[in-house]
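Visitor: Contents of target06.txt (compact mmCIF, C-alpha atoms):
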```
# COMPACT_ATOMS: atom_id res chain seq x y z
CA MET A 1 14.08 35.65 -25.63
CA ASN A 2 12.66 38.35 -23.37
CA ILE A 3 9.94 37.91 -20.80
CA ASP A 4 8.87 41.00 -18.91
CA ALA A 5 9.74 41.25 -15.24
CA ILE A 6 6.75 40.95 -12.93
CA ALA A 7 5.62 43.56 -10.45
CA ASN A 8 3.81 41.45 -7.88
CA GLY A 9 3.85 37.70 -8.01
CA ILE A 10 5.90 34.56 -7.88
CA VAL A 11 8.80 33.21 -9.87
CA ILE A 12 9.39 29.48 -9.64
CA ASP A 13 13.00 29.12 -10.68
CA HIS A 14 15.44 26.22 -11.16
CA ILE A 15 12.75 23.79 -12.25
CA THR A 16 14.36 20.67 -13.69
CA ALA A 17 14.14 21.02 -17.47
CA GLY A 18 11.04 19.22 -18.71
CA ARG A 19 9.07 19.37 -15.45
CA GLY A 20 7.70 22.87 -15.97
CA MET A 21 4.57 21.72 -17.78
CA GLN A 22 3.76 19.08 -15.12
CA LEU A 23 4.06 21.75 -12.46
CA TYR A 24 1.95 24.14 -14.53
CA GLU A 25 -0.81 21.54 -14.77
CA LEU A 26 -0.70 20.34 -11.15
CA LEU A 27 -0.79 23.93 -9.87
CA GLY A 28 -3.82 24.60 -12.08
CA LEU A 29 -2.18 27.67 -13.62
CA GLU A 30 -4.22 27.35 -16.79
CA LYS A 31 -7.21 28.58 -14.77
CA LEU A 32 -5.60 31.94 -13.91
CA ASP A 33 -6.58 35.19 -15.65
CA CYS A 34 -3.26 36.93 -14.97
CA SER A 35 -0.12 36.66 -17.09
CA VAL A 36 1.68 33.37 -16.62
CA ALA A 37 4.92 32.51 -18.41
CA LEU A 38 6.27 29.00 -18.70
CA ILE A 39 9.78 29.22 -20.10
CA LYS A 40 11.43 25.96 -21.07
CA ASN A 41 15.05 24.98 -21.49
CA VAL A 42 16.56 28.20 -20.22
CA HIS A 43 20.36 28.15 -19.92
CA SER A 44 21.43 27.58 -16.32
CA GLU A 45 24.94 27.69 -14.81
CA LYS A 46 23.85 25.24 -12.11
CA LEU A 47 21.62 22.83 -14.05
CA GLY A 48 22.69 23.24 -17.65
CA LYS A 49 19.05 23.72 -18.63
CA LYS A 50 16.08 24.64 -16.49
CA ASP A 51 12.44 25.65 -16.72
CA ILE A 52 11.00 28.79 -15.12
CA ILE A 53 7.41 29.77 -14.31
CA LYS A 54 6.50 33.40 -13.73
CA ILE A 55 3.08 34.25 -12.30
CA ASP A 56 2.17 37.92 -12.46
CA SER A 57 -0.22 37.88 -9.52
CA ASP A 58 -0.01 37.42 -5.79
CA ILE A 59 -1.93 34.14 -5.67
CA PRO A 60 -1.67 31.37 -3.07
CA VAL A 61 0.52 28.58 -4.42
CA ASN A 62 0.49 24.99 -3.15
CA PHE A 63 4.13 24.57 -2.16
CA ASP A 64 3.50 20.86 -1.42
CA VAL A 65 2.82 20.32 -5.12
CA ILE A 66 6.08 22.03 -6.02
CA GLY A 67 8.01 20.02 -3.42
CA TYR A 68 6.50 16.82 -4.78
CA VAL A 69 7.22 17.50 -8.46
CA ASP A 70 10.64 19.08 -8.10
CA PRO A 71 12.05 19.66 -4.61
CA GLY A 72 15.14 21.46 -5.97
CA VAL A 73 13.28 24.55 -7.19
CA SER A 74 13.54 27.99 -5.64
CA ILE A 75 10.62 30.30 -5.08
CA ASN A 76 11.01 34.04 -5.44
CA ILE A 77 8.28 36.27 -4.07
CA ILE A 78 8.17 39.62 -5.86
CA ARG A 79 6.56 42.79 -4.44
CA ASP A 80 6.61 46.13 -6.28
CA GLY A 81 9.16 44.73 -8.66
CA ALA A 82 11.61 43.73 -5.92
CA LEU A 83 12.54 40.33 -4.55
CA VAL A 84 11.19 40.23 -0.99
CA GLU A 85 11.51 36.53 -0.19
CA LYS A 86 13.45 33.60 -1.58
CA ARG A 87 12.75 30.13 -0.33
CA SER A 88 13.86 26.63 -1.17
CA ILE A 89 11.39 23.80 -1.24
CA GLU A 90 11.61 20.34 0.34
CA MET A 91 9.55 17.26 -0.33
CA PRO A 92 6.47 17.48 1.93
CA GLU A 93 5.81 14.72 4.47
CA TYR A 94 2.19 14.50 3.32
CA LEU A 95 0.48 15.25 0.04
CA THR A 96 -3.25 15.89 0.17
CA ASN A 97 -5.43 15.78 -2.94
CA VAL A 98 -2.46 16.22 -5.27
CA ILE A 99 -2.13 12.68 -6.60
CA PHE A 100 -4.64 9.86 -6.58
CA CYS A 101 -4.44 6.23 -5.54
CA LYS A 102 -4.81 3.85 -8.47
CA ASN A 103 -5.25 0.69 -6.38
CA PRO A 104 -8.76 -0.68 -7.13
CA ARG A 105 -8.73 -2.39 -3.73
CA CYS A 106 -8.16 0.88 -1.85
CA ILE A 107 -11.03 2.37 0.17
CA THR A 108 -10.59 5.60 -1.82
CA SER A 109 -11.71 3.75 -4.96
CA THR A 110 -15.24 3.42 -3.61
CA GLU A 111 -15.48 6.28 -1.10
CA GLN A 112 -14.55 9.15 -3.31
CA GLU A 113 -15.26 11.91 -0.80
CA LEU A 114 -12.19 10.79 1.17
CA LYS A 115 -9.12 12.99 0.98
CA GLN A 116 -6.39 11.43 -1.11
CA VAL A 117 -3.44 11.49 1.25
CA PHE A 118 0.05 10.19 0.47
CA ARG A 119 2.95 9.97 2.94
CA LEU A 120 6.63 10.25 2.10
CA THR A 121 8.11 6.87 3.08
CA ASP A 122 11.50 7.06 1.38
CA ARG A 123 13.04 10.52 0.99
CA VAL A 124 16.12 9.27 -0.86
CA ASN A 125 14.16 7.48 -3.56
CA LYS A 126 11.24 9.91 -3.40
CA VAL A 127 8.62 7.28 -2.61
CA TYR A 128 5.14 8.33 -1.58
CA ARG A 129 2.58 5.79 -0.43
CA CYS A 130 -1.18 6.05 0.01
CA ILE A 131 -1.88 6.31 3.76
CA TYR A 132 -4.85 3.96 3.40
CA CYS A 133 -3.52 1.04 1.37
CA GLU A 134 0.24 1.83 1.21
CA THR A 135 0.27 1.60 -2.58
CA LYS A 136 3.24 3.43 -4.08
CA ALA A 137 2.43 6.57 -6.04
CA ASN A 138 3.49 6.64 -9.65
CA THR A 139 6.11 9.37 -9.77
CA MET B 1 -21.37 15.81 23.52
CA PHE B 2 -20.48 15.16 19.89
CA GLU B 3 -16.95 16.44 20.19
CA LYS B 4 -14.55 14.00 18.57
CA LYS B 5 -11.97 12.64 20.96
CA HIS B 6 -8.81 10.97 19.90
CA CYS B 7 -8.65 7.28 20.74
CA ARG B 8 -5.83 4.84 20.48
CA SER B 9 -6.68 2.19 17.89
CA LEU B 10 -4.95 -0.83 16.40
CA ILE B 11 -4.80 -0.60 12.62
CA ASP B 12 -1.31 -1.90 11.90
CA ILE B 13 0.73 -4.20 14.15
CA LEU B 14 3.45 -1.53 14.00
CA ASP B 15 1.12 0.84 15.87
CA PHE B 16 2.32 -0.99 18.99
CA SER B 17 5.90 -0.95 20.20
CA PRO B 18 7.66 -4.25 21.03
CA GLU B 19 7.24 -3.32 24.70
CA GLU B 20 3.49 -2.89 24.28
CA ILE B 21 3.28 -6.23 22.51
CA GLN B 22 5.25 -7.78 25.35
CA ASP B 23 2.70 -6.32 27.80
CA LEU B 24 -0.14 -7.85 25.76
CA LEU B 25 1.61 -11.24 25.80
CA VAL B 26 1.99 -11.03 29.58
CA THR B 27 -1.68 -10.10 29.98
CA ALA B 28 -2.78 -12.91 27.65
CA ASN B 29 -0.69 -15.42 29.56
CA ASP B 30 -2.22 -14.21 32.80
CA ILE B 31 -5.72 -14.56 31.32
CA ILE B 32 -4.87 -18.15 30.33
CA ALA B 33 -3.64 -18.86 33.87
CA HIS B 34 -6.41 -17.00 35.74
CA PRO B 35 -9.47 -16.62 33.48
CA GLU B 36 -11.80 -16.07 36.42
CA ALA B 37 -9.93 -12.90 37.38
CA TYR B 38 -10.96 -11.33 34.08
CA SER B 39 -14.54 -12.57 33.75
CA GLU B 40 -16.15 -9.28 34.84
CA CYS B 41 -13.53 -6.79 33.64
CA CYS B 42 -15.75 -5.44 30.84
CA HIS B 43 -19.07 -5.63 32.65
CA GLY B 44 -21.47 -3.18 30.99
CA LYS B 45 -19.15 -2.50 28.06
CA LYS B 46 -20.09 -3.13 24.43
CA LEU B 47 -18.02 -4.30 21.50
CA ALA B 48 -19.38 -3.57 18.01
CA THR B 49 -18.31 -6.13 15.43
CA LEU B 50 -18.68 -4.46 12.03
CA PHE B 51 -17.98 -7.18 9.49
CA PHE B 52 -18.52 -5.88 5.97
CA GLU B 53 -17.25 -9.20 4.61
CA PRO B 54 -17.81 -12.61 6.16
CA SER B 55 -15.23 -14.03 8.54
CA THR B 56 -16.84 -16.41 10.93
CA ARG B 57 -13.71 -17.29 12.85
CA THR B 58 -12.36 -13.79 13.48
CA ARG B 59 -15.79 -12.45 14.37
CA LEU B 60 -16.53 -15.31 16.76
CA SER B 61 -13.09 -14.89 18.32
CA PHE B 62 -13.81 -11.21 19.05
CA GLU B 63 -17.26 -12.04 20.35
CA ALA B 64 -15.97 -14.85 22.56
CA ALA B 65 -13.22 -12.55 23.83
CA MET B 66 -15.72 -9.84 24.84
CA TYR B 67 -18.11 -12.33 26.43
CA GLU B 68 -15.29 -13.87 28.45
CA LEU B 69 -14.45 -10.39 29.73
CA GLY B 70 -18.08 -10.02 30.88
CA GLY B 71 -19.03 -7.54 28.16
CA HIS B 72 -21.68 -7.42 25.44
CA VAL B 73 -21.49 -7.61 21.66
CA LEU B 74 -23.54 -6.01 18.88
CA GLY B 75 -22.93 -5.75 15.15
CA PHE B 76 -23.40 -7.34 11.78
CA SER B 77 -21.63 -10.06 9.85
CA GLU B 78 -22.04 -8.98 6.23
CA ALA B 79 -22.37 -5.74 4.32
CA GLN B 80 -25.90 -6.58 3.09
CA SER B 81 -27.23 -6.38 6.64
CA SER B 82 -25.57 -3.02 7.31
CA SER B 83 -26.31 0.53 6.20
CA ALA B 84 -23.40 0.21 3.77
CA SER B 85 -25.91 -1.48 1.47
CA LYS B 86 -27.78 1.86 1.48
CA GLY B 87 -24.60 3.69 0.53
CA GLU B 88 -23.43 4.88 3.93
CA SER B 89 -19.72 5.69 4.10
CA VAL B 90 -17.30 3.95 6.45
CA ALA B 91 -16.67 7.32 8.12
CA ASP B 92 -20.36 7.83 8.90
CA THR B 93 -20.78 4.23 10.08
CA ALA B 94 -17.86 4.72 12.48
CA ARG B 95 -19.33 7.95 13.85
CA VAL B 96 -22.76 6.38 14.32
CA VAL B 97 -21.52 3.19 15.94
CA SER B 98 -19.34 5.24 18.32
CA CYS B 99 -22.62 6.39 19.86
CA TYR B 100 -23.63 2.81 20.63
CA ALA B 101 -20.47 0.93 21.53
CA ASP B 102 -17.32 1.36 23.62
CA ILE B 103 -15.01 -0.26 21.10
CA ILE B 104 -15.23 -1.37 17.46
CA ALA B 105 -13.74 -4.38 15.66
CA MET B 106 -14.07 -3.91 11.91
CA ARG B 107 -13.44 -6.07 8.88
CA HIS B 108 -13.88 -4.58 5.43
CA PRO B 109 -12.93 -5.75 1.92
CA LYS B 110 -11.28 -2.44 1.04
CA GLU B 111 -7.73 -1.64 2.04
CA GLY B 112 -7.50 1.25 4.48
CA ALA B 113 -11.14 1.04 5.59
CA ALA B 114 -10.20 0.48 9.24
CA LEU B 115 -7.92 3.52 9.17
CA VAL B 116 -10.79 5.62 7.85
CA ALA B 117 -13.00 4.29 10.66
CA SER B 118 -10.38 5.10 13.30
CA MET B 119 -10.04 8.67 11.96
CA ASN B 120 -13.76 9.20 12.44
CA ALA B 121 -14.76 7.08 15.44
CA SER B 122 -14.69 8.45 18.97
CA VAL B 123 -14.00 5.00 20.42
CA PRO B 124 -11.05 2.66 19.77
CA VAL B 125 -11.11 0.78 16.46
CA ILE B 126 -9.50 -2.60 15.96
CA ASN B 127 -8.66 -3.58 12.41
CA ALA B 128 -10.01 -7.11 12.01
CA GLY B 129 -8.76 -7.24 8.41
CA ASP B 130 -8.88 -4.65 5.63
CA GLY B 131 -8.93 -6.49 2.32
CA GLY B 132 -5.56 -7.98 1.47
CA HIS B 133 -3.76 -5.31 3.43
CA LEU B 134 -3.40 -5.77 7.21
CA HIS B 135 -4.70 -8.13 9.86
CA PRO B 136 -2.94 -7.17 13.11
CA THR B 137 -4.97 -9.31 15.51
CA GLN B 138 -4.05 -12.42 13.53
CA THR B 139 -0.46 -11.34 14.04
CA LEU B 140 -1.08 -10.99 17.77
CA ALA B 141 -2.40 -14.56 17.76
CA ASP B 142 0.67 -15.68 15.82
CA LEU B 143 3.00 -13.91 18.24
CA LEU B 144 1.43 -15.50 21.33
CA THR B 145 1.68 -18.90 19.65
CA ILE B 146 5.37 -18.39 18.90
CA TYR B 147 5.97 -16.94 22.36
CA ARG B 148 4.42 -19.93 24.09
CA GLU B 149 5.93 -22.53 21.77
CA LYS B 150 9.42 -21.03 21.38
CA GLY B 151 9.76 -18.86 24.48
CA GLY B 152 10.52 -15.65 22.57
CA PHE B 153 11.19 -14.03 19.22
CA GLU B 154 14.95 -13.78 18.92
CA ASN B 155 17.08 -15.87 16.51
CA LEU B 156 14.12 -17.64 14.94
CA ASN B 157 14.23 -19.62 11.68
CA VAL B 158 10.84 -19.03 10.11
CA GLY B 159 9.46 -20.50 6.87
CA LEU B 160 6.52 -18.70 5.24
CA CYS B 161 4.81 -20.85 2.64
CA GLY B 162 2.06 -20.33 0.05
CA ASP B 163 0.56 -17.02 -0.96
CA LEU B 164 3.16 -14.46 0.08
CA LYS B 165 1.85 -11.86 -2.36
CA PHE B 166 -1.71 -11.32 -1.21
CA GLY B 167 -1.34 -13.00 2.20
CA ARG B 168 -1.81 -10.10 4.59
CA THR B 169 -1.10 -12.28 7.63
CA VAL B 170 2.34 -12.96 6.22
CA HIS B 171 3.16 -9.28 5.68
CA SER B 172 1.98 -8.36 9.18
CA LEU B 173 3.94 -11.23 10.75
CA ILE B 174 7.13 -10.28 8.91
CA ASN B 175 6.65 -6.69 10.06
CA ALA B 176 6.26 -7.79 13.66
CA LEU B 177 9.14 -10.30 13.70
CA SER B 178 11.50 -7.96 11.87
CA ARG B 179 11.84 -5.92 15.06
CA TYR B 180 13.60 -8.77 16.89
CA PRO B 181 17.26 -9.68 16.29
CA GLY B 182 18.52 -12.81 14.56
CA LEU B 183 15.47 -13.47 12.38
CA LYS B 184 16.02 -15.73 9.36
CA LEU B 185 13.23 -16.16 6.83
CA TRP B 186 12.56 -18.76 4.14
CA LEU B 187 10.04 -17.38 1.67
CA ILE B 188 8.47 -20.41 -0.02
CA SER B 189 6.00 -19.68 -2.81
CA PRO B 190 5.25 -20.16 -6.49
CA GLU B 191 6.79 -17.48 -8.72
CA GLU B 192 3.46 -15.70 -9.17
CA LEU B 193 2.81 -15.39 -5.44
CA LYS B 194 6.20 -14.20 -4.25
CA LEU B 195 6.56 -11.62 -1.51
CA PRO B 196 6.14 -8.18 -3.15
CA SER B 197 9.47 -6.58 -4.01
CA TYR B 198 8.70 -3.46 -1.98
CA VAL B 199 8.31 -5.58 1.17
CA LYS B 200 11.65 -7.24 0.47
CA LYS B 201 13.36 -3.97 -0.30
CA GLU B 202 11.88 -1.69 2.32
CA LEU B 203 11.63 -4.22 5.13
CA LEU B 204 14.02 -7.12 4.75
CA GLN B 205 16.92 -5.50 2.91
CA GLU B 206 16.85 -2.23 4.85
CA LYS B 207 16.82 -4.08 8.17
CA ASN B 208 19.46 -6.52 6.97
CA ILE B 209 17.25 -9.53 7.60
CA HIS B 210 18.57 -12.77 6.22
CA TYR B 211 16.10 -14.35 3.81
CA VAL B 212 16.02 -17.12 1.24
CA GLN B 213 13.46 -17.05 -1.55
CA THR B 214 12.62 -20.51 -2.86
CA THR B 215 9.94 -22.69 -4.42
CA ASP B 216 11.24 -25.81 -2.64
CA LEU B 217 9.42 -26.50 0.63
CA GLU B 218 11.06 -29.85 1.44
CA GLY B 219 14.54 -28.53 0.68
CA CYS B 220 14.44 -25.96 3.45
CA MET B 221 12.38 -28.03 5.93
CA PRO B 222 15.35 -29.14 8.14
CA GLU B 223 16.24 -25.51 8.85
CA LEU B 224 12.85 -24.42 10.08
CA GLU B 225 11.70 -23.90 13.66
CA ILE B 226 8.42 -22.40 12.51
CA LEU B 227 6.54 -23.23 9.32
CA TYR B 228 3.76 -20.78 8.61
CA MET B 229 1.43 -22.17 5.93
CA THR B 230 -1.10 -19.96 4.14
CA ARG B 231 -4.10 -20.51 1.94
CA VAL B 232 -4.24 -19.23 -1.62
CA GLN B 233 -7.28 -16.97 -1.25
CA LYS B 234 -9.79 -17.05 -4.06
CA GLU B 235 -11.22 -13.66 -3.05
CA ARG B 236 -7.89 -11.93 -3.73
CA PHE B 237 -7.83 -12.88 -7.43
CA PHE B 238 -9.54 -10.91 -10.19
CA ASN B 239 -9.04 -13.87 -12.52
CA GLU B 240 -10.38 -17.30 -11.49
CA GLU B 241 -8.05 -19.12 -13.89
CA ASP B 242 -5.04 -17.83 -11.99
CA TYR B 243 -6.57 -18.99 -8.73
CA LEU B 244 -7.26 -22.49 -10.02
CA ARG B 245 -3.74 -22.79 -11.39
CA LEU B 246 -2.06 -21.77 -8.14
CA LYS B 247 -4.32 -23.02 -5.36
CA ASP B 248 -2.68 -26.41 -4.93
CA SER B 249 0.92 -25.23 -5.14
CA TYR B 250 1.82 -26.43 -1.66
CA ILE B 251 0.11 -29.19 0.27
CA LEU B 252 1.78 -30.18 3.52
CA THR B 253 1.59 -33.94 4.11
CA PRO B 254 3.23 -36.21 6.72
CA GLU B 255 5.69 -37.35 4.03
CA LYS B 256 6.95 -33.81 3.52
CA LEU B 257 7.75 -33.60 7.23
CA HIS B 258 10.20 -36.56 7.10
CA ASN B 259 13.23 -34.29 7.48
CA ALA B 260 11.58 -31.64 9.68
CA ARG B 261 12.84 -30.82 13.15
CA ALA B 262 11.21 -32.48 16.15
CA ASP B 263 10.49 -29.06 17.64
CA LEU B 264 9.00 -27.59 14.45
CA CYS B 265 5.93 -25.45 15.09
CA ILE B 266 3.43 -25.67 12.20
CA MET B 267 1.16 -22.66 12.03
CA HIS B 268 -1.69 -21.54 9.76
CA PRO B 269 -4.01 -18.53 10.11
CA LEU B 270 -6.97 -20.75 9.01
CA PRO B 271 -9.33 -21.45 7.44
CA ARG B 272 -7.48 -24.24 5.75
CA VAL B 273 -8.70 -25.74 2.50
CA ASN B 274 -6.28 -28.49 1.60
CA GLU B 275 -2.85 -26.95 2.12
CA ILE B 276 -2.32 -28.91 5.34
CA SER B 277 -3.39 -32.55 5.22
CA VAL B 278 -5.73 -33.55 8.06
CA ALA B 279 -3.28 -36.39 8.71
CA ILE B 280 -1.00 -33.78 10.31
CA ASP B 281 -3.62 -32.57 12.79
CA ASP B 282 -2.60 -35.10 15.46
CA ASP B 283 1.11 -34.45 15.01
CA PRO B 284 2.38 -32.68 18.16
CA ARG B 285 4.07 -30.14 15.89
CA ALA B 286 0.70 -28.93 14.55
CA CYS B 287 -0.04 -25.67 16.39
CA TYR B 288 -2.78 -24.14 14.24
CA PHE B 289 -5.70 -24.95 16.50
CA LYS B 290 -3.79 -23.68 19.52
CA GLN B 291 -3.20 -20.55 17.45
CA VAL B 292 -6.97 -20.05 17.21
CA LEU B 293 -7.33 -20.29 20.98
CA TYR B 294 -4.42 -17.95 21.58
CA GLY B 295 -6.04 -15.48 19.20
CA LYS B 296 -9.00 -15.18 21.54
CA TYR B 297 -6.75 -14.50 24.54
CA MET B 298 -4.77 -11.87 22.67
CA ARG B 299 -8.00 -10.17 21.59
CA MET B 300 -9.10 -10.15 25.24
CA ALA B 301 -5.80 -8.54 26.21
CA LEU B 302 -6.14 -6.05 23.36
CA ILE B 303 -9.71 -5.04 24.24
CA LEU B 304 -8.61 -4.45 27.84
CA LYS B 305 -5.62 -2.36 26.77
CA LEU B 306 -7.56 -0.14 24.36
CA LEU B 307 -10.52 0.37 26.72
CA LYS B 308 -8.12 1.31 29.52
CA GLU B 309 -6.28 3.77 27.29
CA ALA B 310 -9.59 5.29 26.18
CA GLY B 311 -10.47 5.79 29.85
CA THR B 312 -13.51 3.55 29.49
CA LEU B 313 -12.27 1.00 32.06
```
Show how you would write the structure in this file as structure tokens.

Guide:
Amino acid sequence: MNIDAIANGIVIDHITAGRGMQLYELLGLEKLDCSVALIKNVHSEKLGKKDIIKIDSDIPVNFDVIGYVDPGVSINIIRDGALVEKRSIEMPEYLTNVIFCKNPRCITSTEQELKQVFRLTDRVNKVYRCIYCETKANT
Amino acid sequence: MFEKKHCRSLIDILDFSPEEIQDLLVTANDIIAHPEAYSECCHGKKLATLFFEPSTRTRLSFEAAMYELGGHVLGFSEAQSSSASKGESVADTARVVSCYADIIAMRHPKEGAALVASMNASVPVINAGDGGHLHPTQTLADLLTIYREKGGFENLNVGLCGDLKFGRTVHSLINALSRYPGLKLWLISPEELKLPSYVKKELLQEKNIHYVQTTDLEGCMPELEILYMTRVQKERFFNEEDYLRLKDSYILTPEKLHNARADLCIMHPLPRVNEISVAIDDDPRACYFKQVLYGKYMRMALILKLLKEAGTL
């Protein structure tokens, strides 16, 4: 299977197989006009199988979303067809307006203009809690 | 003039270090010993009590605390008499009230409401209860009671009985006591109202705190130095049938104290319904009315601390 190389844009590589679509949706990539490739179940020496997303445009990407969904991914920034930056992603300390609190007793359930903020409380088990009511996010 | 300044607030008991809590205990003890020395400390200062849900005792305790410091009080005691009934947000209420008062005590039925207020107010905010979530000033009252009755917080055998699921006072107290060595807990509740597993996992197990989970109050009674009773709160249930089924799970009577220690300290955040028989009120081990009084002194100490840190005093 061949996917064209991109000239200017971002490649999100080493996505855990099966999480590519979730990342695609949370990053809102369906709204872009440029070419976007979501490639699933690519053979990987390191992971066995992996997903890859290629975005053929130099758009701002919310790295917090990527760190939340799949902190093991690598980000490749491409300029003029060449790799100019490669970065690994860690789980962010705070997530703002990425996930939403489902606790009906939380203040965010009635005051919907509030930012939905979650804090990483357990890095090992990847637990995020709402900063307002401490309810655990469904991951 | 309208620039937002950062103010120290009390939202969660863990906002204060053990050393800061020790300082509050010392101040509260000094207020008890020398009340006249504090009677004009807050002259000209105003406390706003924003109570979006009724709580006569906590509100009166804050008001009494401010009056005994020589200050003034303004506020409301239910959401219907506030601008919340017109749809005003907690954030806007906090900003507006910051223009009128030097410090805010807020109770709200929604979890996290006090945090939202503190993020928007330009004066200190005290969480006077945010739904079933946190109630740090009750914990301060509990800590002064334990401090005066037991002399400290190390190596305590504490029984927590009743609603350990929705009981915010219980969660806050466990949080506070977990920072002192030698704590042993007996978690006494019906199956449906057990301490949430995340509290056990993230607090008790991670800090290696010894705990026993049981439904048998009398069985663990001889071990206990402190018995903290709680009410099953109707307002925390979505389903009234569940409330009716569980509300009388534990009723402390003189008979159930037959094997209790002579130095047991019986506590309750109040209001009580029937979970402690009135026949126990005259027992010297009953500390729940002292707890109310100590709550006022700790709130006085807290108001002083936060106003000083805000540069208002």

Visitor: Using all atoms listed in the file, which of A:Asp33, A:Thr135, A:Phe118, A:Arg105 sits nearest chain B?

Guide: A:Arg105

Visitor: Tell me, in Å to one decimal, how far atom CA of Phe100 of chain A is from atom CA of Ser74 of chain A.

Guide: 25.7 Å

Visitor: Env of Leu114 of chain A: 9 Å cut, atoms = only C-alpha atoms, seq-sep filter 6 positions within chain, self excluded. Answer as a list in words.

Guide: Ile107 and Thr108 of chain A; Ala91 and Val116 of chain B

Visitor: For a quick check of understanding, using all atoms listed in the file, which of B:Ala79, B:Pro124, B:Lys110, B:Tyr211 has the smallest distance to Ala94 of chain B?

Guide: B:Pro124

Visitor: Select residues of chain B: the criterion is any atom within 6 Å of an atom of chain A, counting all atoms listed in the file; output as a ChimeraX atom specification.

Guide: /B:110-113

Visitor: Have a look at atom CA of Ser39 of chain B and atom CA of Lys308 of chain B and let me know their distance in Å, one decimal.

Guide: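 So the two atoms, atom CA of Ser39 of chain B and atom CA of Lys308 of chain B, lie 15.9 Å apart.
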
Visitor: Name the residues in contact with Phe289 of chain B at a cut-off of 12 Å, using all atoms listed in the file, excluding same-chain residues fewer than 5 positions from it; report them as a ChimeraX atom specification.

Guide: /B:57,141-142,145,265-272,280-284,294-296

Visitor: Take atom CA of Leu25 of chain B and atom CA of Ala37 of chain B and report the distance between them in Å, one decimal.

Guide: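 If I compute the distance from atom CA of Leu25 of chain B to atom CA of Ala37 of chain B, I get 16.4 Å.
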
Visitor: Using only C-alpha atoms, which residue out of B:Pro190, B:Pro109, B:Gly159, B:Gly70 lies closest to Arg245 of chain B?

Guide: B:Pro190

Visitor: Give me the residues within 8 Å of Cys34 of chain A as an MDAnalysis selection string, counting only C-alpha atoms and dropping any in the same chain fewer than 4 places off.

Guide: chainID A and resid 55:57

Visitor: Fewer than 4 positions away in the same chain doesn't count, so skip those; otherwise give me all residues within 12 Å of Phe16 of chain B, counting only C-alpha atoms, as a ChimeraX atom specification.

Guide: /B:8-12,20-24,136-137,139-140,175-176,179,302,305-306

Visitor: To test the calculation: enclose all listed atoms of segment 236-253 of chain B in a box whose edges run along x, y and z, add 5 Å on each side, then state centre and edge lengths in Å to one decimal, as lines of an AutoDock Vina configuration file.

Guide:
```
center_x = -4.3
center_y = -22.4
center_z = -4.9
size_x = 22.2
size_y = 33.0
size_z = 28.0
```

Visitor: List the spatial neighbours of Ile78 of chain A as a PDB file with C-alpha atoms, in the coordinates of the input - criterion: any atom at most 8 Å away, all atoms listed in the file, same-chain residues fewer than 3 positions off excluded.

Guide:
```pdb
ATOM      1  CA  ILE A   6       6.750  40.950 -12.930  1.00  0.00           C
ATOM      2  CA  ALA A   7       5.620  43.560 -10.450  1.00  0.00           C
ATOM      3  CA  ASN A   8       3.810  41.450  -7.880  1.00  0.00           C
ATOM      4  CA  GLY A   9       3.850  37.700  -8.010  1.00  0.00           C
ATOM      5  CA  ILE A  10       5.900  34.560  -7.880  1.00  0.00           C
ATOM      6  CA  VAL A  11       8.800  33.210  -9.870  1.00  0.00           C
ATOM      7  CA  GLY A  81       9.160  44.730  -8.660  1.00  0.00           C
ATOM      8  CA  ALA A  82      11.610  43.730  -5.920  1.00  0.00           C
ATOM      9  CA  LEU A  83      12.540  40.330  -4.550  1.00  0.00           C
ATOM     10  CA  VAL A  84      11.190  40.230  -0.990  1.00  0.00           C
ATOM     11  CA  GLU A  85      11.510  36.530  -0.190  1.00  0.00           C
TER      12      GLU A  85
END
```

Visitor: Calculated over only C-alpha atoms, which of the candidates B:Thr312, B:Asp248, B:Asn155, B:Arg148 has the smallest distance to Cys287 of chain B?

Guide: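 Looking only at the distances to Cys287 of chain B, the closest residue turns out to be B:Arg148.
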
Visitor: Between B:Cys41, B:Ile13, B:Ala301, B:Ala121, single out the one closest to Arg168 of chain B, counting only C-alpha atoms.

Guide: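 Of B:Cys41, B:Ile13, B:Ala301, B:Ala121, the one nearest Arg168 of chain B is B:Ile13, counting only C-alpha atoms.
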
Visitor: Under the rule that only C-alpha atoms are counted, which of B:Ile209, B:Met300, B:Val97, B:Leu14 is the nearest residue to Pro181 of chain B?

Guide: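 Closest residue, counting only C-alpha atoms: B:Ile209.
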